[in-house]
Each structure stands twice: as structure tokens, then as C-alpha cells.
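A.B. asks: Sharing structure08.cif here; it has mmCIF, C-alpha atoms and all ligand atoms.
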data_run
#
loop_
_atom_site.group_PDB
_atom_site.id
_atom_site.type_symbol
_atom_site.label_atom_id
_atom_site.label_comp_id
_atom_site.auth_asym_id
_atom_site.auth_seq_id
_atom_site.Cartn_x
_atom_site.Cartn_y
_atom_site.Cartn_z
ATOM 1 C CA MET A 1 14.270 13.089 -20.321
ATOM 2 C CA LYS A 2 16.127 14.490 -17.310
ATOM 3 C CA ASN A 3 16.286 13.025 -13.865
ATOM 4 C CA ILE A 4 16.081 15.746 -11.218
ATOM 5 C CA LYS A 5 16.281 14.573 -7.615
ATOM 6 C CA GLY A 6 14.702 11.241 -8.628
ATOM 7 C CA MET A 7 11.878 12.885 -10.594
ATOM 8 C CA LYS A 8 11.601 12.361 -14.334
ATOM 9 C CA VAL A 9 11.292 15.610 -16.281
ATOM 10 C CA TYR A 10 10.417 15.780 -19.968
ATOM 11 C CA VAL A 11 10.846 19.159 -21.671
ATOM 12 C CA GLU A 12 9.033 19.240 -24.995
ATOM 13 C CA PRO A 13 9.222 21.868 -27.750
ATOM 14 C CA SER A 14 5.485 22.661 -27.864
ATOM 15 C CA TYR A 15 2.096 22.152 -26.226
ATOM 16 C CA GLU A 16 1.267 19.537 -28.881
ATOM 17 C CA ALA A 17 4.461 17.593 -28.178
ATOM 18 C CA MET A 18 3.821 17.776 -24.411
ATOM 19 C CA SER A 19 0.300 16.454 -24.979
ATOM 20 C CA ARG A 20 1.557 13.581 -27.157
ATOM 21 C CA VAL A 21 4.149 12.466 -24.601
ATOM 22 C CA ALA A 22 1.506 12.564 -21.859
ATOM 23 C CA ALA A 23 -0.919 10.534 -23.983
ATOM 24 C CA GLN A 24 1.848 8.024 -24.728
ATOM 25 C CA LEU A 25 2.452 7.496 -21.000
ATOM 26 C CA VAL A 26 -1.236 7.157 -20.185
ATOM 27 C CA GLY A 27 -1.809 5.018 -23.302
ATOM 28 C CA ALA A 28 1.043 2.684 -22.311
ATOM 29 C CA GLN A 29 -0.536 2.233 -18.891
ATOM 30 C CA VAL A 30 -3.893 1.397 -20.504
ATOM 31 C CA ARG A 31 -2.309 -1.060 -22.946
ATOM 32 C CA LEU A 32 -0.112 -2.827 -20.417
ATOM 33 C CA TYR A 33 -2.680 -2.884 -17.615
ATOM 34 C CA PRO A 34 -6.133 -2.716 -19.269
ATOM 35 C CA ASN A 35 -7.948 -2.681 -15.916
ATOM 36 C CA SER A 36 -5.956 0.228 -14.498
ATOM 37 C CA VAL A 37 -7.420 2.838 -12.192
ATOM 38 C CA LEU A 38 -6.657 6.282 -13.643
ATOM 39 C CA GLY A 39 -6.816 9.544 -11.702
ATOM 40 C CA LEU A 40 -7.801 12.317 -14.094
ATOM 41 C CA ALA A 41 -7.480 16.094 -14.160
ATOM 42 C CA THR A 42 -9.417 18.881 -15.860
ATOM 43 C CA GLY A 43 -8.448 22.455 -16.800
ATOM 44 C CA GLY A 44 -6.916 23.843 -19.959
ATOM 45 C CA THR A 45 -3.660 21.880 -19.768
ATOM 46 C CA PRO A 46 -4.781 18.267 -20.390
ATOM 47 C CA VAL A 47 -7.174 19.044 -23.280
ATOM 48 C CA GLY A 48 -4.506 18.154 -25.873
ATOM 49 C CA MET A 49 -3.642 14.927 -24.060
ATOM 50 C CA TYR A 50 -7.298 13.847 -24.068
ATOM 51 C CA LYS A 51 -7.542 14.692 -27.772
ATOM 52 C CA GLU A 52 -4.578 12.457 -28.485
ATOM 53 C CA LEU A 53 -6.008 9.630 -26.323
ATOM 54 C CA VAL A 54 -9.264 9.843 -28.307
ATOM 55 C CA ARG A 55 -7.226 9.605 -31.517
ATOM 56 C CA MET A 56 -5.407 6.551 -30.123
ATOM 57 C CA TYR A 57 -8.776 4.958 -29.325
ATOM 58 C CA LYS A 58 -10.154 5.655 -32.808
ATOM 59 C CA GLU A 59 -7.079 4.889 -34.884
ATOM 60 C CA GLU A 60 -5.121 2.430 -32.776
ATOM 61 C CA GLY A 61 -7.850 0.659 -30.850
ATOM 62 C CA LEU A 62 -6.708 1.817 -27.400
ATOM 63 C CA ASP A 63 -9.217 -0.007 -25.227
ATOM 64 C CA PHE A 64 -10.800 1.765 -22.235
ATOM 65 C CA SER A 65 -13.493 -0.858 -21.609
ATOM 66 C CA GLN A 66 -11.996 -2.100 -18.330
ATOM 67 C CA ILE A 67 -10.465 1.201 -17.211
ATOM 68 C CA ILE A 68 -11.748 2.781 -13.995
ATOM 69 C CA THR A 69 -11.389 6.535 -13.468
ATOM 70 C CA PHE A 70 -11.504 8.959 -10.568
ATOM 71 C CA ASN A 71 -11.424 12.674 -11.250
ATOM 72 C CA LEU A 72 -9.556 14.943 -8.890
ATOM 73 C CA ASP A 73 -12.303 17.421 -8.232
ATOM 74 C CA GLU A 74 -15.580 19.131 -9.040
ATOM 75 C CA TYR A 75 -16.956 22.589 -8.353
ATOM 76 C CA TYR A 76 -19.443 22.914 -5.498
ATOM 77 C CA PRO A 77 -22.271 23.593 -5.728
ATOM 78 C CA LEU A 78 -22.720 22.924 -9.413
ATOM 79 C CA SER A 79 -25.013 20.666 -11.378
ATOM 80 C CA ARG A 80 -23.242 18.036 -13.481
ATOM 81 C CA GLU A 81 -25.432 19.187 -16.389
ATOM 82 C CA SER A 82 -23.864 22.657 -16.293
ATOM 83 C CA ASP A 83 -21.447 23.122 -19.173
ATOM 84 C CA GLN A 84 -18.938 24.441 -16.625
ATOM 85 C CA SER A 85 -18.959 21.238 -14.589
ATOM 86 C CA TYR A 86 -15.992 18.938 -14.709
ATOM 87 C CA TYR A 87 -18.454 16.131 -15.420
ATOM 88 C CA TYR A 88 -19.387 17.975 -18.616
ATOM 89 C CA TYR A 89 -15.721 18.674 -19.415
ATOM 90 C CA MET A 90 -14.811 15.003 -19.107
ATOM 91 C CA THR A 91 -17.710 13.935 -21.315
ATOM 92 C CA GLU A 92 -16.741 16.498 -23.949
ATOM 93 C CA ASN A 93 -13.014 15.820 -23.887
ATOM 94 C CA LEU A 94 -12.743 12.077 -23.249
ATOM 95 C CA PHE A 95 -15.581 9.945 -21.946
ATOM 96 C CA GLY A 96 -18.022 10.782 -24.730
ATOM 97 C CA HIS A 97 -15.525 9.620 -27.371
ATOM 98 C CA VAL A 98 -14.025 6.365 -26.038
ATOM 99 C CA ASN A 99 -15.381 2.983 -24.958
ATOM 100 C CA ILE A 100 -15.268 3.574 -21.210
ATOM 101 C CA CYS A 101 -18.091 2.022 -19.136
ATOM 102 C CA LYS A 102 -20.285 4.663 -17.551
ATOM 103 C CA ASP A 103 -20.270 2.950 -14.179
ATOM 104 C CA HIS A 104 -16.450 2.957 -14.121
ATOM 105 C CA ILE A 105 -16.404 6.776 -14.064
ATOM 106 C CA HIS A 106 -16.141 8.623 -10.743
ATOM 107 C CA ILE A 107 -16.321 12.385 -10.301
ATOM 108 C CA PRO A 108 -17.202 14.029 -6.971
ATOM 109 C CA ASN A 109 -20.864 15.007 -6.957
ATOM 110 C CA GLY A 110 -21.091 18.802 -6.997
ATOM 111 C CA GLU A 111 -24.748 18.548 -6.009
ATOM 112 C CA ALA A 112 -24.334 16.295 -2.978
ATOM 113 C CA GLU A 113 -26.603 17.276 -0.110
ATOM 114 C CA ASP A 114 -24.417 15.623 2.481
ATOM 115 C CA VAL A 115 -20.950 16.793 1.500
ATOM 116 C CA ASP A 116 -19.103 14.923 4.251
ATOM 117 C CA LEU A 117 -20.777 11.669 3.247
ATOM 118 C CA GLU A 118 -19.981 12.301 -0.420
ATOM 119 C CA CYS A 119 -16.315 12.899 0.426
ATOM 120 C CA ARG A 120 -16.081 9.808 2.645
ATOM 121 C CA ASN A 121 -17.743 7.666 -0.018
ATOM 122 C CA TYR A 122 -15.441 8.992 -2.735
ATOM 123 C CA GLU A 123 -12.406 8.065 -0.696
ATOM 124 C CA LYS A 124 -13.899 4.633 0.040
ATOM 125 C CA GLN A 125 -14.559 4.007 -3.643
ATOM 126 C CA ILE A 126 -10.916 4.800 -4.464
ATOM 127 C CA GLN A 127 -9.773 2.310 -1.825
ATOM 128 C CA GLU A 128 -12.247 -0.330 -3.006
ATOM 129 C CA ALA A 129 -10.956 0.036 -6.563
ATOM 130 C CA GLY A 130 -7.502 -0.820 -5.206
ATOM 131 C CA GLY A 131 -6.112 2.732 -5.258
ATOM 132 C CA ILE A 132 -5.037 4.850 -8.203
ATOM 133 C CA ASP A 133 -2.431 3.353 -10.544
ATOM 134 C CA LEU A 134 -1.658 6.509 -12.499
ATOM 135 C CA GLN A 135 -2.681 10.012 -11.514
ATOM 136 C CA VAL A 136 -2.636 12.847 -14.064
ATOM 137 C CA LEU A 137 -2.204 16.328 -12.595
ATOM 138 C CA GLY A 138 -2.227 19.918 -13.776
ATOM 139 C CA ILE A 139 -0.898 22.634 -11.488
ATOM 140 C CA GLY A 140 -2.240 26.010 -10.401
ATOM 141 C CA ASN A 141 -0.020 29.097 -10.473
ATOM 142 C CA ASN A 142 -0.073 28.950 -6.672
ATOM 143 C CA GLY A 143 0.985 25.282 -6.574
ATOM 144 C CA HIS A 144 -2.444 23.809 -6.041
ATOM 145 C CA ILE A 145 -2.895 20.228 -7.228
ATOM 146 C CA GLY A 146 -6.472 19.110 -7.531
ATOM 147 C CA PHE A 147 -8.090 22.008 -5.680
ATOM 148 C CA ASN A 148 -5.750 21.714 -2.707
ATOM 149 C CA GLU A 149 -4.986 25.367 -2.164
ATOM 150 C CA PRO A 150 -1.989 26.689 -0.175
ATOM 151 C CA ASP A 151 -2.653 26.023 3.512
ATOM 152 C CA ASP A 152 -0.960 25.441 6.850
ATOM 153 C CA ALA A 153 -1.299 21.683 6.557
ATOM 154 C CA PHE A 154 -1.616 19.121 3.753
ATOM 155 C CA ALA A 155 -5.224 17.937 3.406
ATOM 156 C CA LYS A 156 -5.360 14.160 3.674
ATOM 157 C CA THR A 157 -8.525 12.948 2.010
ATOM 158 C CA THR A 158 -11.355 14.123 -0.255
ATOM 159 C CA HIS A 159 -12.844 17.279 1.232
ATOM 160 C CA ARG A 160 -14.676 20.519 0.531
ATOM 161 C CA VAL A 161 -12.371 23.464 -0.209
ATOM 162 C CA ASP A 162 -12.821 27.211 -0.393
ATOM 163 C CA LEU A 163 -11.249 28.362 -3.638
ATOM 164 C CA VAL A 164 -8.807 31.226 -3.205
ATOM 165 C CA GLU A 165 -9.228 34.460 -5.153
ATOM 166 C CA GLU A 166 -6.292 33.645 -7.458
ATOM 167 C CA THR A 167 -7.907 30.362 -8.521
ATOM 168 C CA ILE A 168 -11.310 31.990 -9.034
ATOM 169 C CA GLN A 169 -9.593 34.622 -11.185
ATOM 170 C CA ALA A 170 -7.613 32.028 -13.164
ATOM 171 C CA ASN A 171 -10.687 29.867 -13.805
ATOM 172 C CA SER A 172 -12.992 32.765 -14.663
ATOM 173 C CA ARG A 173 -11.725 32.523 -18.263
ATOM 174 C CA PHE A 174 -13.964 29.454 -18.665
ATOM 175 C CA PHE A 175 -17.073 31.299 -17.390
ATOM 176 C CA ASP A 176 -19.126 34.199 -18.785
ATOM 177 C CA SER A 177 -18.270 36.291 -15.746
ATOM 178 C CA ILE A 178 -16.194 35.897 -12.596
ATOM 179 C CA ASP A 179 -19.364 35.958 -10.469
ATOM 180 C CA GLN A 180 -20.392 32.664 -11.986
ATOM 181 C CA VAL A 181 -17.303 30.792 -10.750
ATOM 182 C CA PRO A 182 -18.344 28.634 -7.771
ATOM 183 C CA LYS A 183 -16.547 29.601 -4.571
ATOM 184 C CA GLN A 184 -16.036 26.043 -3.405
ATOM 185 C CA ALA A 185 -15.107 22.640 -4.751
ATOM 186 C CA LEU A 186 -14.855 19.023 -3.665
ATOM 187 C CA SER A 187 -11.325 17.780 -4.124
ATOM 188 C CA MET A 188 -9.259 14.720 -3.450
ATOM 189 C CA GLY A 189 -6.790 15.497 -0.688
ATOM 190 C CA ILE A 190 -3.030 15.644 -1.024
ATOM 191 C CA GLY A 191 -2.998 12.313 0.841
ATOM 192 C CA SER A 192 -5.351 10.756 -1.735
ATOM 193 C CA ILE A 193 -3.166 12.067 -4.571
ATOM 194 C CA ILE A 194 0.198 10.925 -3.282
ATOM 195 C CA GLN A 195 -1.068 7.423 -2.617
ATOM 196 C CA ALA A 196 -1.271 6.968 -6.411
ATOM 197 C CA LYS A 197 1.379 4.538 -7.612
ATOM 198 C CA LYS A 198 2.520 6.848 -10.422
ATOM 199 C CA ILE A 199 1.984 10.566 -10.915
ATOM 200 C CA VAL A 200 2.262 12.490 -14.184
ATOM 201 C CA LEU A 201 2.089 16.299 -13.964
ATOM 202 C CA LEU A 202 1.622 18.436 -17.075
ATOM 203 C CA ALA A 203 2.340 22.143 -17.380
ATOM 204 C CA ASN A 204 2.720 24.522 -20.274
ATOM 205 C CA GLY A 205 3.244 28.240 -20.740
ATOM 206 C CA ALA A 206 5.522 30.897 -19.271
ATOM 207 C CA HIS A 207 3.045 31.642 -16.458
ATOM 208 C CA LYS A 208 3.762 28.169 -14.996
ATOM 209 C CA ALA A 209 7.589 28.498 -15.092
ATOM 210 C CA LYS A 210 7.993 29.892 -11.579
ATOM 211 C CA ILE A 211 5.729 27.369 -9.849
ATOM 212 C CA ILE A 212 7.318 24.464 -11.722
ATOM 213 C CA ALA A 213 10.800 25.456 -10.521
ATOM 214 C CA GLU A 214 9.438 25.915 -6.996
ATOM 215 C CA THR A 215 7.667 22.538 -7.103
ATOM 216 C CA ILE A 216 10.831 20.702 -8.127
ATOM 217 C CA TYR A 217 13.450 22.631 -6.171
ATOM 218 C CA GLY A 218 11.617 24.459 -3.341
ATOM 219 C CA ASP A 219 11.248 23.359 0.277
ATOM 220 C CA VAL A 220 8.412 20.881 0.754
ATOM 221 C CA ARG A 221 5.622 22.762 2.500
ATOM 222 C CA PRO A 222 1.796 22.951 2.494
ATOM 223 C CA GLN A 223 1.928 26.632 1.510
ATOM 224 C CA VAL A 224 3.033 25.302 -1.900
ATOM 225 C CA PRO A 225 1.064 22.023 -2.045
ATOM 226 C CA SER A 226 2.747 20.714 -5.214
ATOM 227 C CA THR A 227 6.136 20.517 -3.434
ATOM 228 C CA ILE A 228 4.895 17.309 -1.745
ATOM 229 C CA LEU A 229 5.542 15.570 -5.065
ATOM 230 C CA GLN A 230 9.269 15.602 -4.237
ATOM 231 C CA PHE A 231 8.509 12.876 -1.681
ATOM 232 C CA HIS A 232 6.702 10.625 -4.157
ATOM 233 C CA PRO A 233 8.730 7.720 -5.567
ATOM 234 C CA ASP A 234 7.399 7.832 -9.132
ATOM 235 C CA VAL A 235 6.688 11.315 -10.492
ATOM 236 C CA THR A 236 7.000 12.450 -14.098
ATOM 237 C CA PHE A 237 6.771 16.101 -15.138
ATOM 238 C CA ILE A 238 5.900 16.749 -18.776
ATOM 239 C CA LEU A 239 6.531 20.384 -19.627
ATOM 240 C CA ASP A 240 6.773 22.591 -22.628
ATOM 241 C CA GLN A 241 9.897 24.725 -22.929
ATOM 242 C CA GLU A 242 8.200 27.797 -21.505
ATOM 243 C CA ALA A 243 7.030 26.056 -18.341
ATOM 244 C CA ALA A 244 10.531 24.570 -17.909
ATOM 245 C CA ALA A 245 12.318 27.904 -18.420
ATOM 246 C CA GLU A 246 13.111 28.628 -14.756
ATOM 247 C CA LEU A 247 14.595 25.192 -14.036
ATOM 248 C CA LYS A 248 17.856 26.438 -15.583
ATOM 249 C CA LYS A 249 18.389 28.792 -12.648
ATOM 250 C CA TYR A 250 18.784 25.806 -10.347
ATOM 251 C CA GLU A 251 20.696 23.494 -12.672
ATOM 252 C CA LYS A 252 24.416 23.270 -12.015
HETATM 253 P P1 LIG B 1 -5.065 24.871 -16.103
HETATM 254 O O1 LIG B 1 -5.377 24.616 -14.564
HETATM 255 O O2 LIG B 1 -4.712 23.536 -16.700
HETATM 256 O O3 LIG B 1 -6.319 25.427 -16.669
HETATM 257 O O4 LIG B 1 -3.892 25.822 -16.149
HETATM 258 C C1 LIG B 1 -4.515 23.858 -13.818
HETATM 259 C C2 LIG B 1 -4.959 23.827 -12.385
HETATM 260 O O5 LIG B 1 -5.500 24.828 -11.884
HETATM 261 O O6 LIG B 1 -4.758 22.790 -11.733
#
Any chance you could give the structure as C-alpha cells?
Ligand code: PGA
C.D. replies:
Amino acid sequence: MKNIKGMKVYVEPSYEAMSRVAAQLVGAQVRLYPNSVLGLATGGTPVGMYKELVRMYKEEGLDFSQIITFNLDEYYPLSRESDQSYYYYMTENLFGHVNICKDHIHIPNGEAEDVDLECRNYEKQIQEAGGIDLQVLGIGNNGHIGFNEPDDAFAKTTHRVDLVEETIQANSRFFDSIDQVPKQALSMGIGSIIQAKKIVLLANGAHKAKIIAETIYGDVRPQVPSTILQFHPDVTFILDQEAAAELKKYEK
């Protein structure tokens, strides 16, 4: 583990190793503080981590019964029954396989009629749960965290976002065609994310190398939302070697 500007950075030899380290960190949180509030991410990156957490539940008795979760985001509009919804993803990858209580699970409602009310309520529920103890993040090639796209200001709280073309393109690999990718999403804000007590960001693959170096070493600015993590007191990056490749350019 390296310490770069106060941020912990793990560089692991493979996707599997990255996923195991991430599951160890999340698993330790669950073991030490069984009633933790976890912030959870979707996308391709954390699939291996969820697989390992399910294994830890089945083989090691990792207990999720008191855990509360808040997911970062959900497409809008999209039914939770759709197999492209993040609700569906979470059921498939984690919730359907561990002993989490259904009413402890929170994911923004992609079918909400009153979006502003849904966003306000989501934020309120996070506060009422006592805030997020550990937030898991992936990262977009453009530095988005959650669905907070590059912008002129950091979004504070849960809100509706217009997905940018690059994100729609990147996520179209999960859909039958690009036209099926929803154009909007409900996402926790950057403010909601950085209020988490601990943050763990995962990234793998050469296509993430540039944004990872920028996130860790670049100027903090809303045009690259992930750079805000430099201001957080407890951030851990867990990378595979490919995603870490451009850090060398900045290392003395
Ligand atoms: P990915 O998405 O894990 O599928 O690369 C990450 C993100 O867009 O946040």
C-alpha cells in the first residue's frame, strides 16, 4: 500500500486481487461494525468484489443482517423490474445472495413521479440512518463518481442528472442497443458522497489509467468530479496494475 498525498493506494496484480482486497475492506467494516451504513456502487468494476462478499457470507458467515445500504444511483426513468436497472443488478450481484433485510436496502426510485421529492427523501433517509460509514465507488472515464458528470459546480445532494454522451456510450455495452440507455439518472450528489466517513474507490483496466492519475494528482475541480476525493480525509484507491500505470509519471 502506498500513501499518496494522504490517500491510501493499493496496486494489485489482477482484477481478482483488486476485488479480494476491496471485499476484505468492506468485510472488515461489516465484521467490526455489524450495523454499518454502506454506500454501494454498480457497474462492471465491483462485480468481483460482490462475488467475493457473497463467498464470505456463505463460507465465513459474514453477517449482513443489520447492515443498511444506500446505492449511489439509478437510471431514470426505468422500472426496477428491468434487468438493466441497478435494483436488478444489486439483487443479482449481492442482495439476492446474502442475509440483508429488504427494508434496509435503499436505491433511488427510477420510477418516481415526483423526482424532487424522491431526491429530498433519499437524502433525508441517509441522514436519518446516521450518514454513510463506508462508500464504495467506481469511476467513469470522465471522472464521474456516482452519476455526477463533469460540470461547472459540484452537485451537493441527490438530484436528477442528464447523462453525457460518453457515459451513454460507455454504458451501452450493458444494453441491447445504445438507444435503450436511459438519458437521465438519479444520483447522490458529490456532497452526499464526500460526507461518507470512509471512501473506497475501485478501478481496473488501462482505459482508467489516465483518469486515475488525474483524480489523484490533478487540480481539484468540478470538471473532473473525482478530484474532490483529494479533500476527503479517508480515501482508499484499490487499483489493478493497468489502472495504476499512469501514476508513475507523477511519482518522484
Ligand atoms: P464501470 O463504471 O465500473 O462499468 O467501469 C464505472 C462508472 O461509470 O462509475
A.B. asks: Care to translate the PyMOL selection byres (((chain A and resi 104) around 9) and not hetatm) into actual residues of this file, as a ChimeraX atom specification?
C.D. replies: /A:65-70,100-103,105-106
A.B. asks: Using all atoms listed in the file, tabulate the residues of range 95-182 of chain A lying at most 12 Å from any atom of range 75-83 of chain A, each with its closest atom pair and that distance in Å to one decimal, by chain and increasing residue number, as a Markdown table.
C.D. replies:
| residue | atom | partner | partner_atom | distance |
| --- | --- | --- | --- | --- |
| A:Ile107 | CA | A:Arg80 | CA | 9.5 |
| A:Pro108 | CA | A:Tyr75 | CA | 8.7 |
| A:Asn109 | CA | A:Arg80 | CA | 7.6 |
| A:Gly110 | CA | A:Tyr76 | CA | 4.7 |
| A:Glu111 | CA | A:Pro77 | CA | 5.6 |
| A:Ala112 | CA | A:Pro77 | CA | 8.1 |
| A:Glu113 | CA | A:Pro77 | CA | 9.5 |
| A:Asp114 | CA | A:Pro77 | CA | 11.6 |
| A:Val115 | CA | A:Tyr76 | CA | 9.4 |
| A:Glu118 | CA | A:Tyr76 | CA | 11.8 |
| A:Gly146 | CA | A:Tyr75 | CA | 11.1 |
| A:Phe147 | CA | A:Tyr75 | CA | 9.3 |
| A:His159 | CA | A:Tyr76 | CA | 11.0 |
| A:Arg160 | CA | A:Tyr76 | CA | 8.1 |
| A:Val161 | CA | A:Tyr76 | CA | 8.8 |
| A:Asp162 | CA | A:Tyr76 | CA | 9.4 |
| A:Leu163 | CA | A:Tyr75 | CA | 9.4 |
| A:Thr167 | CA | A:Tyr75 | CA | 11.9 |
| A:Ile168 | CA | A:Tyr75 | CA | 11.0 |
| A:Asn171 | CA | A:Tyr75 | CA | 11.0 |
| A:Phe174 | CA | A:Asp83 | CA | 9.8 |
| A:Phe175 | CA | A:Asp83 | CA | 9.4 |
| A:Asp176 | CA | A:Asp83 | CA | 11.3 |
| A:Gln180 | CA | A:Leu78 | CA | 10.3 |
| A:Val181 | CA | A:Tyr75 | CA | 8.6 |
| A:Pro182 | CA | A:Tyr75 | CA | 6.2 |
A.B. asks: Applying the PyMOL selection byres (((chain A and resi 195-198) around 7) and not hetatm) to the file I just gave you, which residues come out? Please list them as a tab-separated table (two decimals) with C-alpha atoms, keeping the file's coordinate frame.
C.D. replies:
chain	number	residue	atom	x	y	z
A	131	GLY	CA	-6.11	2.73	-5.26
A	132	ILE	CA	-5.04	4.85	-8.20
A	133	ASP	CA	-2.43	3.35	-10.54
A	134	LEU	CA	-1.66	6.51	-12.50
A	135	GLN	CA	-2.68	10.01	-11.51
A	191	GLY	CA	-3.00	12.31	0.84
A	192	SER	CA	-5.35	10.76	-1.74
A	193	ILE	CA	-3.17	12.07	-4.57
A	194	ILE	CA	0.20	10.92	-3.28
A	199	ILE	CA	1.98	10.57	-10.92
A	200	VAL	CA	2.26	12.49	-14.18
A	234	ASP	CA	7.40	7.83	-9.13
A	235	VAL	CA	6.69	11.32	-10.49
A.B. asks: Just so the selection is clear, what residues does the PyMOL selection byres (((not hetatm)) within 6 of (chain B and resi 1)) cover here, as a list in words?
C.D. replies: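 Given this file, the PyMOL selection byres (((not hetatm)) within 6 of (chain B and resi 1)) evaluates to Gly43, Gly44, Thr45, Gly138, Ile139, Gly140, Ile145 and Gly146 of chain A.
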A.B. asks: Nearest residue to Asn35 in chain A out of A:Val98, A:Ala129, A:Ala244, A:Val21, using all atoms listed in the file?
C.D. replies: A:Ala129
A.B. asks: If you measure from CA of Phe64 in chain A to CA of Gln29 in chain A, what distance in Å do you get, rounded to one decimal?
C.D. replies: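 That distance, rounded to one decimal, is 10.8 Å.
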A.B. asks: Which distance in Å separates CA of Lys58 in chain A and CA of Val30 in chain A, to one decimal?
C.D. replies: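 So the answer is 14.4 Å.
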A.B. asks: Considering all atoms listed in the file, return as a PDB file with C-alpha atoms, in the frame of the given file whatever protein or nucleic-acid residues lie within 7 Å of Ala243 in chain A, sequence-local ones (same chain, fewer than 5 positions apart) excluded.
C.D. replies:
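Dumped to result-v8.pdb:
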ATOM      1  CA  ALA A 203       2.340  22.143 -17.380  1.00  0.00           C
ATOM      2  CA  ASN A 204       2.720  24.522 -20.274  1.00  0.00           C
ATOM      3  CA  GLY A 205       3.244  28.240 -20.740  1.00  0.00           C
ATOM      4  CA  ALA A 206       5.522  30.897 -19.271  1.00  0.00           C
ATOM      5  CA  LYS A 208       3.762  28.169 -14.996  1.00  0.00           C
ATOM      6  CA  ALA A 209       7.589  28.498 -15.092  1.00  0.00           C
ATOM      7  CA  ILE A 212       7.318  24.464 -11.722  1.00  0.00           C
TER       8      ILE A 212
END
A.B. asks: For a test of reading the model, state the distance in Å between CA of Asp63 in chain A and CA of Val9 in chain A, rounded to one decimal.
C.D. replies: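 Straight-line distance from CA of Asp63 in chain A to CA of Val9 in chain A works out to 27.3 Å.
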A.B. asks: Please identify all polymer residues lying at most 12 Å from the point (-3.2, 24.4, -5.3) (file coordinates), using all atoms listed in the file, and present the result as a VMD selection string.
C.D. replies: chain A and resid 72 to 73 137 to 151 154 to 155 161 to 168 170 187 to 190 211 215 221 to 228
A.B. asks: So which one's closest to Pro46 in chain A, A:Arg20, A:His232, A:Lys210, A:Lys124? Using only C-alpha atoms, please.
C.D. replies: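 Of A:Arg20, A:His232, A:Lys210, A:Lys124, the one nearest Pro46 in chain A, counting only C-alpha atoms, is A:Arg20.
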A.B. asks: N, CA and C atoms for range 45-61 of chain A, written as an mmCIF file, in the frame of the given file, could you do that?
C.D. replies:
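Heads up, here's the output in out18.cif:
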data_model
loop_
_atom_site.group_PDB
_atom_site.id
_atom_site.type_symbol
_atom_site.label_atom_id
_atom_site.label_comp_id
_atom_site.auth_asym_id
_atom_site.auth_seq_id
_atom_site.Cartn_x
_atom_site.Cartn_y
_atom_site.Cartn_z
ATOM 1 N N THR A 45 -4.886 22.604 -19.423
ATOM 2 C CA THR A 45 -3.660 21.880 -19.768
ATOM 3 C C THR A 45 -3.884 20.514 -20.411
ATOM 4 N N PRO A 46 -4.713 19.624 -19.826
ATOM 5 C CA PRO A 46 -4.781 18.267 -20.390
ATOM 6 C C PRO A 46 -5.678 18.090 -21.610
ATOM 7 N N VAL A 47 -6.261 19.167 -22.133
ATOM 8 C CA VAL A 47 -7.174 19.044 -23.280
ATOM 9 C C VAL A 47 -6.482 18.349 -24.462
ATOM 10 N N GLY A 48 -5.251 18.749 -24.753
ATOM 11 C CA GLY A 48 -4.506 18.154 -25.873
ATOM 12 C C GLY A 48 -4.190 16.682 -25.638
ATOM 13 N N MET A 49 -3.905 16.330 -24.391
ATOM 14 C CA MET A 49 -3.642 14.927 -24.060
ATOM 15 C C MET A 49 -4.892 14.074 -24.288
ATOM 16 N N TYR A 50 -6.055 14.600 -23.858
ATOM 17 C CA TYR A 50 -7.298 13.847 -24.068
ATOM 18 C C TYR A 50 -7.586 13.693 -25.562
ATOM 19 N N LYS A 51 -7.315 14.737 -26.321
ATOM 20 C CA LYS A 51 -7.542 14.692 -27.772
ATOM 21 C C LYS A 51 -6.706 13.570 -28.396
ATOM 22 N N GLU A 52 -5.481 13.488 -27.956
ATOM 23 C CA GLU A 52 -4.578 12.457 -28.485
ATOM 24 C C GLU A 52 -5.024 11.056 -28.025
ATOM 25 N N LEU A 53 -5.511 10.937 -26.797
ATOM 26 C CA LEU A 53 -6.008 9.630 -26.323
ATOM 27 C C LEU A 53 -7.232 9.196 -27.135
ATOM 28 N N VAL A 54 -8.086 10.154 -27.484
ATOM 29 C CA VAL A 54 -9.264 9.843 -28.307
ATOM 30 C C VAL A 54 -8.798 9.363 -29.689
ATOM 31 N N ARG A 55 -7.778 10.039 -30.220
ATOM 32 C CA ARG A 55 -7.226 9.605 -31.517
ATOM 33 C C ARG A 55 -6.680 8.180 -31.408
ATOM 34 N N MET A 56 -5.988 7.893 -30.303
ATOM 35 C CA MET A 56 -5.407 6.551 -30.123
ATOM 36 C C MET A 56 -6.514 5.492 -30.015
ATOM 37 N N TYR A 57 -7.629 5.874 -29.395
ATOM 38 C CA TYR A 57 -8.776 4.958 -29.325
ATOM 39 C C TYR A 57 -9.326 4.699 -30.731
ATOM 40 N N LYS A 58 -9.510 5.783 -31.488
ATOM 41 C CA LYS A 58 -10.154 5.655 -32.808
ATOM 42 C C LYS A 58 -9.244 4.997 -33.833
ATOM 43 N N GLU A 59 -7.967 5.363 -33.818
ATOM 44 C CA GLU A 59 -7.079 4.889 -34.884
ATOM 45 C C GLU A 59 -6.248 3.683 -34.491
ATOM 46 N N GLU A 60 -6.013 3.512 -33.195
ATOM 47 C CA GLU A 60 -5.121 2.430 -32.776
ATOM 48 C C GLU A 60 -5.821 1.418 -31.875
ATOM 49 N N GLY A 61 -7.085 1.627 -31.642
ATOM 50 C CA GLY A 61 -7.850 0.659 -30.850
ATOM 51 C C GLY A 61 -7.509 0.648 -29.371
#
